[in-house]
Amino acid sequence: MCLGIPGQIKSIDGTKATVEFWDVEKDVRIDIVGDEVEEGDYILNHAGFAIRKIPDEEVEETIQLYEAILQGDEAEGLEEIGVPDEELGIGGPDER
Amino acid sequence: MSDSETLQFRDPEKADRLTERLQTLMDEIGHPVNIMHVCGTHEQSIAKYGLRSRLPDGLSVRMGPGCPVCVTNMPEVDEAVALAEDGKIVATYGDMFQVPGTEKSLADAKGEGADVRIVYSASEAHEIAEENPDEDVIFFATGFETTAAPTAAVLTDDPADNFYVLSAHKYVPPAMELVAELPETDIDGFLAAGHAAVITGYGIFEEFVEKYETPVVVGGFEPLDVLLALERLLTFIRDGEPGLDNAYRRVVSEEGNVAAQDRMWEVFETTSGEWRGIAEIPDANMVMREAYADHDARKQFDIAPDVGESDPLTEQCICGDIMAGQADPDECALFGEECTPQNPVGACMVSSEGTCKIWLEYGGQPDL
């Protein structure tokens, strides 16, 4: 019930989209996705509703975040991918 | 996301390096650390990929009240059973089907001839109403924010007159507060549920972090997502900083999905309510606002469950203690004996997100 599954939009008809999940196509409602979506976009599906568009660049960015942390220099790594500390909320309440 | 990109989040070499980093952080911290996560999907991921066996000694990761099926209260199940026995079509998610009420589950009611249907989504429940205009169709709606927003989307989209919702939706943040306040529960940090945060945004935890001086990190569900979130939490703990971080950036933002939040709060408001086996939690039950009374099963029908005697084994079930982070499934005398997925005593053994069922599925001790 609560499992979020990423899928790719194949076609859109009003508030409904046909979405492909690992070669299986299902109808998914896109009226609460909170973003403009079009054919080819990836979405996160939850119980038949798209609750988020997954931006391609976010996938890549997360990979870079892992890499940065693995190199033991996370602050530099975060800066490199353009994430200011205040946006991530890193640090104690005094710094936010 | 292509398969190769997905697989990057399961790279064993990166996982090894992340766990080495966890070990270093634990050495620097110098005392045992208790992390609580509040999501059945996290438990599935941790168990499935054997992550507990990779964690350093002294780092304990336990599941809290993160299974919406498990916290759905018995009287709520009784209401759904009563409506089904009263001749209405009751539609619900598959996970709820076998959850025991006081005397019966919806599966029992169906076995006795009631019309109970399993649906995959709120919109599928609504389709049943459209296909059966002469019948009352009740959607027994369970789950946290991720399913409450979809229920609201259906209700705000001009639903059929014969479509009603029996809401057992729950709101996660107040439950985290309750657990943080339990004197018997000693939590050093929370791994917050990634998908609920997709809706609410991670910013919602800011007040919590300040009030309880406990770090919160929102985490995703791939093995590396979980390890990364733990790395962030241990860093906060080492530095003595009750910080907030988002380790699931591909889908979680600070403000969340505002369109979904708007729909959700247009239809629902929160009220105090019992979470099965845990406690009465202020503002953690989602009930329908007056404007949606025409579709509120509780307002439109006189639901009077005629419940019989409960199973005496129910008294021995420690599902509530498990969800409050005070016990592990294998500490329950019923675990794997009288209580199994085929014959569950408590809800933790029913749902695929229940701690007991997950532990049993992965060999009792998922870290072996």
# chains A, B, ... in the order shown; residues from 1 in each chain; ligands from 1
call {"tool": "residues_around", "arguments": {"residues": "B:Ala333", "least_positions_apart": "6", "cutoff": "10 Å", "atoms": "only C-alpha atoms", "output": "list in words"}}
result
Gln316, Cys317, Ile318 and Cys339 of chain B
call {"tool": "write_last_selection", "arguments": {"atoms": "N, CA, C and O atoms", "output": "compact mmCIF listing (two decimals), in the first residue's frame"}}
result
# COMPACT_ATOMS: atom_id res chain seq x y z
N GLN B 316 -1.92 -11.20 24.55
CA GLN B 316 -0.47 -11.47 24.64
C GLN B 316 0.34 -10.78 23.53
O GLN B 316 1.56 -10.80 23.58
N CYS B 317 -0.37 -10.22 22.53
CA CYS B 317 0.32 -9.61 21.39
C CYS B 317 1.07 -8.36 21.84
O CYS B 317 0.53 -7.51 22.54
N ILE B 318 2.37 -8.25 21.44
CA ILE B 318 3.15 -7.08 21.86
C ILE B 318 3.43 -6.14 20.69
O ILE B 318 4.40 -5.38 20.69
N CYS B 339 1.25 -17.16 16.20
CA CYS B 339 1.05 -16.02 15.31
C CYS B 339 1.92 -16.14 14.06
O CYS B 339 3.16 -16.09 14.15
call {"tool": "interface_residues", "arguments": {"of": "chain B", "to": "chain A", "cutoff": "8 Å", "atoms": "only C-alpha atoms", "output": "PyMOL selection string"}}
result
chain B and resi 1+5+8-9+14+17-18+21+41+93-95+120-123+143+146-147+149-150+153+195+198-199+210+228+236+241-246+248-251+257-260+263
call {"tool": "residues_around", "arguments": {"residues": "A:Glu20", "least_positions_apart": "2", "cutoff": "7 Å", "atoms": "only C-alpha atoms", "output": "tab-separated table (two decimals) with all heavy atoms, in the first residue's frame"}}
result
chain	number	residue	atom	x	y	z
A	7	GLY	N	8.01	5.08	-12.28
A	7	GLY	CA	7.59	4.62	-13.60
A	7	GLY	C	7.69	5.76	-14.61
A	7	GLY	O	7.86	6.92	-14.23
A	8	GLN	N	7.59	5.37	-15.90
A	8	GLN	CA	7.73	6.38	-16.95
A	8	GLN	C	6.40	6.58	-17.68
A	8	GLN	O	5.74	5.61	-18.06
A	8	GLN	CB	8.80	5.95	-17.95
A	8	GLN	CG	9.11	7.05	-18.97
A	8	GLN	CD	10.23	6.66	-19.92
A	8	GLN	OE1	10.41	5.48	-20.22
A	8	GLN	NE2	10.96	7.64	-20.40
A	9	ILE	N	6.03	7.86	-17.84
A	9	ILE	CA	4.76	8.19	-18.50
A	9	ILE	C	4.84	7.89	-20.00
A	9	ILE	O	5.75	8.35	-20.69
A	9	ILE	CB	4.40	9.67	-18.28
A	9	ILE	CG1	4.16	9.93	-16.78
A	9	ILE	CG2	3.17	10.06	-19.10
A	9	ILE	CD1	3.84	11.36	-16.46
A	10	LYS	N	3.87	7.10	-20.47
A	10	LYS	CA	3.81	6.76	-21.90
A	10	LYS	C	2.81	7.64	-22.63
A	10	LYS	O	3.03	8.03	-23.77
A	10	LYS	CB	3.41	5.27	-22.06
A	10	LYS	CG	4.48	4.32	-21.59
A	10	LYS	CD	5.67	4.37	-22.55
A	10	LYS	CE	6.92	3.80	-21.91
A	10	LYS	NZ	8.14	4.13	-22.63
A	18	THR	N	-0.97	6.80	-18.68
A	18	THR	CA	-0.54	5.41	-18.76
A	18	THR	C	0.95	5.40	-18.46
A	18	THR	O	1.73	6.12	-19.10
A	18	THR	CB	-0.81	4.83	-20.16
A	18	THR	OG1	-2.20	4.99	-20.43
A	18	THR	CG2	-0.44	3.37	-20.22
A	22	TRP	N	8.55	-1.33	-15.29
A	22	TRP	CA	9.22	-2.58	-15.66
A	22	TRP	C	8.39	-3.39	-16.67
A	22	TRP	O	7.98	-4.51	-16.41
A	22	TRP	CB	9.51	-3.42	-14.41
A	22	TRP	CG	10.45	-2.74	-13.49
A	22	TRP	CD1	11.79	-2.58	-13.66
A	22	TRP	CD2	10.14	-2.10	-12.24
A	22	TRP	NE1	12.31	-1.88	-12.61
A	22	TRP	CE2	11.33	-1.58	-11.73
A	22	TRP	CE3	8.96	-1.91	-11.52
A	22	TRP	CZ2	11.38	-0.88	-10.53
A	22	TRP	CZ3	9.01	-1.23	-10.32
A	22	TRP	CH2	10.21	-0.72	-9.84
A	23	ASP	N	8.08	-2.76	-17.80
A	23	ASP	CA	7.35	-3.40	-18.90
A	23	ASP	C	5.87	-3.65	-18.62
A	23	ASP	O	5.17	-4.26	-19.42
A	23	ASP	CB	8.01	-4.73	-19.34
A	23	ASP	CG	9.43	-4.50	-19.83
A	23	ASP	OD1	9.67	-3.42	-20.38
A	23	ASP	OD2	10.27	-5.39	-19.64
A	24	VAL	N	5.39	-3.22	-17.46
A	24	VAL	CA	3.96	-3.34	-17.17
A	24	VAL	C	3.36	-1.94	-17.24
A	24	VAL	O	3.89	-1.00	-16.67
A	24	VAL	CB	3.74	-3.91	-15.75
A	24	VAL	CG1	2.25	-3.98	-15.43
A	24	VAL	CG2	4.37	-5.27	-15.62
A	25	GLU	N	2.24	-1.83	-17.98
A	25	GLU	CA	1.61	-0.50	-18.08
A	25	GLU	C	0.39	-0.42	-17.17
A	25	GLU	O	-0.42	-1.36	-17.11
A	25	GLU	CB	1.22	-0.22	-19.53
A	25	GLU	CG	2.46	0.02	-20.39
A	25	GLU	CD	2.15	0.62	-21.74
A	25	GLU	OE1	0.95	0.74	-22.07
A	25	GLU	OE2	3.10	0.96	-22.46
A	26	LYS	N	0.27	0.69	-16.44
A	26	LYS	CA	-0.88	0.88	-15.56
A	26	LYS	C	-1.38	2.31	-15.68
A	26	LYS	O	-0.60	3.22	-15.97
A	26	LYS	CB	-0.49	0.61	-14.10
A	26	LYS	CG	-0.38	-0.86	-13.76
A	26	LYS	CD	-0.49	-1.09	-12.27
A	26	LYS	CE	-1.93	-1.09	-11.81
A	26	LYS	NZ	-2.45	-2.38	-11.41
call {"tool": "select_by_dssp", "arguments": {"residues": "stretch 39-173 of chain B", "states": "helix (DSSP H, G or I)", "output": "MDAnalysis selection string"}}
result
chainID B and resid 40:48 51:54 68:71 74:85 94:96 106:111 122:131 145:155 172:173
call {"tool": "select_by_dssp", "arguments": {"residues": "stretch 122-212 of chain B", "states": "strand (DSSP E)", "output": "JSON, numbers by chain"}}
result
{"B": [137, 138, 139, 140, 141, 142, 143, 163, 164, 165, 166, 167, 168, 169, 189, 190, 191, 192, 193]}
call {"tool": "write_last_selection", "arguments": {"atoms": "all heavy atoms", "output": "compact mmCIF listing (two decimals), in the first residue's frame"}}
result
# COMPACT_ATOMS: atom_id res chain seq x y z
N VAL B 137 -21.18 2.14 -1.82
CA VAL B 137 -19.80 1.64 -1.87
C VAL B 137 -18.96 2.42 -0.86
O VAL B 137 -18.89 3.65 -0.91
CB VAL B 137 -19.21 1.77 -3.29
CG1 VAL B 137 -17.74 1.34 -3.30
CG2 VAL B 137 -20.00 0.91 -4.27
N ILE B 138 -18.36 1.68 0.06
CA ILE B 138 -17.55 2.29 1.12
C ILE B 138 -16.08 2.00 0.82
O ILE B 138 -15.69 0.84 0.68
CB ILE B 138 -17.85 1.66 2.51
CG1 ILE B 138 -19.35 1.46 2.72
CG2 ILE B 138 -17.17 2.46 3.61
CD1 ILE B 138 -20.13 2.64 3.08
N PHE B 139 -15.27 3.04 0.77
CA PHE B 139 -13.82 2.83 0.68
C PHE B 139 -13.25 2.94 2.09
O PHE B 139 -13.30 4.01 2.70
CB PHE B 139 -13.20 3.88 -0.25
CG PHE B 139 -11.70 3.78 -0.37
CD1 PHE B 139 -11.07 2.56 -0.55
CD2 PHE B 139 -10.91 4.93 -0.32
CE1 PHE B 139 -9.68 2.46 -0.65
CE2 PHE B 139 -9.52 4.84 -0.42
CZ PHE B 139 -8.91 3.61 -0.59
N PHE B 140 -12.78 1.80 2.62
CA PHE B 140 -12.13 1.79 3.93
C PHE B 140 -10.71 2.28 3.69
O PHE B 140 -9.85 1.53 3.22
CB PHE B 140 -12.18 0.38 4.51
CG PHE B 140 -11.59 0.25 5.89
CD1 PHE B 140 -11.67 1.29 6.81
CD2 PHE B 140 -10.98 -0.93 6.29
CE1 PHE B 140 -11.13 1.16 8.09
CE2 PHE B 140 -10.44 -1.07 7.57
CZ PHE B 140 -10.52 -0.03 8.46
N ALA B 141 -10.49 3.55 3.98
CA ALA B 141 -9.27 4.25 3.56
C ALA B 141 -8.26 4.25 4.70
O ALA B 141 -8.50 4.84 5.75
CB ALA B 141 -9.61 5.67 3.15
N THR B 142 -7.13 3.59 4.46
CA THR B 142 -6.10 3.52 5.49
C THR B 142 -4.80 4.08 4.94
O THR B 142 -4.65 4.27 3.73
CB THR B 142 -5.86 2.06 5.91
OG1 THR B 142 -5.49 1.31 4.74
CG2 THR B 142 -7.12 1.45 6.51
N GLY B 143 -3.87 4.31 5.84
CA GLY B 143 -2.55 4.75 5.40
C GLY B 143 -2.20 6.15 5.86
O GLY B 143 -3.04 6.87 6.40
N PHE B 163 -20.65 6.96 -3.28
CA PHE B 163 -19.27 6.67 -2.85
C PHE B 163 -19.02 7.29 -1.48
O PHE B 163 -19.21 8.50 -1.29
CB PHE B 163 -18.28 7.23 -3.88
CG PHE B 163 -16.83 7.03 -3.51
CD1 PHE B 163 -16.24 5.78 -3.57
CD2 PHE B 163 -16.04 8.10 -3.09
CE1 PHE B 163 -14.90 5.59 -3.23
CE2 PHE B 163 -14.70 7.93 -2.76
CZ PHE B 163 -14.13 6.67 -2.84
N TYR B 164 -18.62 6.48 -0.53
CA TYR B 164 -18.37 6.96 0.83
C TYR B 164 -16.98 6.51 1.28
O TYR B 164 -16.49 5.48 0.85
CB TYR B 164 -19.41 6.38 1.79
CG TYR B 164 -20.82 6.67 1.38
CD1 TYR B 164 -21.52 5.76 0.58
CD2 TYR B 164 -21.46 7.86 1.75
CE1 TYR B 164 -22.82 6.03 0.17
CE2 TYR B 164 -22.75 8.13 1.35
CZ TYR B 164 -23.43 7.21 0.55
OH TYR B 164 -24.70 7.48 0.14
N VAL B 165 -16.43 7.30 2.18
CA VAL B 165 -15.11 6.96 2.72
C VAL B 165 -15.21 6.73 4.22
O VAL B 165 -15.81 7.54 4.94
CB VAL B 165 -14.09 8.08 2.41
CG1 VAL B 165 -12.79 7.86 3.19
CG2 VAL B 165 -13.79 8.13 0.91
N LEU B 166 -14.67 5.61 4.67
CA LEU B 166 -14.50 5.35 6.10
C LEU B 166 -13.02 5.61 6.37
O LEU B 166 -12.18 4.78 6.07
CB LEU B 166 -14.89 3.90 6.42
CG LEU B 166 -14.70 3.45 7.88
CD1 LEU B 166 -15.68 4.18 8.80
CD2 LEU B 166 -14.90 1.94 8.01
N SER B 167 -12.73 6.77 6.91
CA SER B 167 -11.33 7.16 7.02
C SER B 167 -10.65 6.59 8.25
O SER B 167 -11.10 6.79 9.39
CB SER B 167 -11.19 8.69 7.06
OG SER B 167 -9.84 9.03 7.34
N ALA B 168 -9.56 5.86 8.01
CA ALA B 168 -8.67 5.45 9.10
C ALA B 168 -7.28 6.01 8.79
O ALA B 168 -6.26 5.46 9.21
CB ALA B 168 -8.64 3.93 9.21
N HIS B 169 -7.25 7.11 8.02
CA HIS B 169 -5.96 7.70 7.67
C HIS B 169 -5.28 8.27 8.92
O HIS B 169 -5.93 8.79 9.81
CB HIS B 169 -6.15 8.82 6.64
CG HIS B 169 -6.38 8.32 5.26
ND1 HIS B 169 -5.50 7.47 4.62
CD2 HIS B 169 -7.38 8.54 4.37
CE1 HIS B 169 -5.96 7.19 3.40
NE2 HIS B 169 -7.10 7.82 3.23
N GLY B 189 18.11 9.24 17.30
CA GLY B 189 17.86 9.91 16.02
C GLY B 189 16.76 9.20 15.25
O GLY B 189 16.54 8.00 15.45
N PHE B 190 16.08 9.95 14.41
CA PHE B 190 15.00 9.37 13.61
C PHE B 190 15.37 9.35 12.13
O PHE B 190 15.82 10.37 11.58
CB PHE B 190 13.71 10.19 13.76
CG PHE B 190 12.97 9.91 15.04
CD1 PHE B 190 13.20 10.68 16.18
CD2 PHE B 190 12.04 8.88 15.11
CE1 PHE B 190 12.52 10.42 17.35
CE2 PHE B 190 11.35 8.62 16.28
CZ PHE B 190 11.59 9.39 17.42
N LEU B 191 15.15 8.20 11.51
CA LEU B 191 15.22 8.08 10.06
C LEU B 191 13.79 8.25 9.57
O LEU B 191 12.95 7.37 9.76
CB LEU B 191 15.78 6.70 9.70
CG LEU B 191 15.72 6.22 8.25
CD1 LEU B 191 16.43 7.19 7.32
CD2 LEU B 191 16.35 4.83 8.14
N ALA B 192 13.48 9.42 9.01
CA ALA B 192 12.09 9.72 8.65
C ALA B 192 11.73 9.07 7.32
O ALA B 192 12.57 8.88 6.45
CB ALA B 192 11.88 11.23 8.59
N ALA B 193 10.45 8.77 7.19
CA ALA B 193 9.96 8.04 6.02
C ALA B 193 10.01 8.91 4.77
O ALA B 193 9.42 9.98 4.72
CB ALA B 193 8.53 7.57 6.27
call {"tool": "atom_distance", "arguments": {"atom1": "atom CA of B:Asp262", "atom2": "atom CA of B:Pro173"}}
result
17.2 Å
call {"tool": "closest_residue", "arguments": {"among": "B:Val77, B:Ala247, B:Asp302, B:Ala293", "to": "B:Leu224", "atoms": "only C-alpha atoms"}}
result
B:Ala247
call {"tool": "residues_around", "arguments": {"residues": "stretch 62-64 of chain B", "least_positions_apart": "5", "cutoff": "8 Å", "atoms": "only C-alpha atoms", "output": "list in words"}}
result
Asn34, Ile35, Met36, His37, Val38, Cys39, Gly40, Glu43, Val179, Ile322, Met323, Ala324, Gly325 and Thr355 of chain B
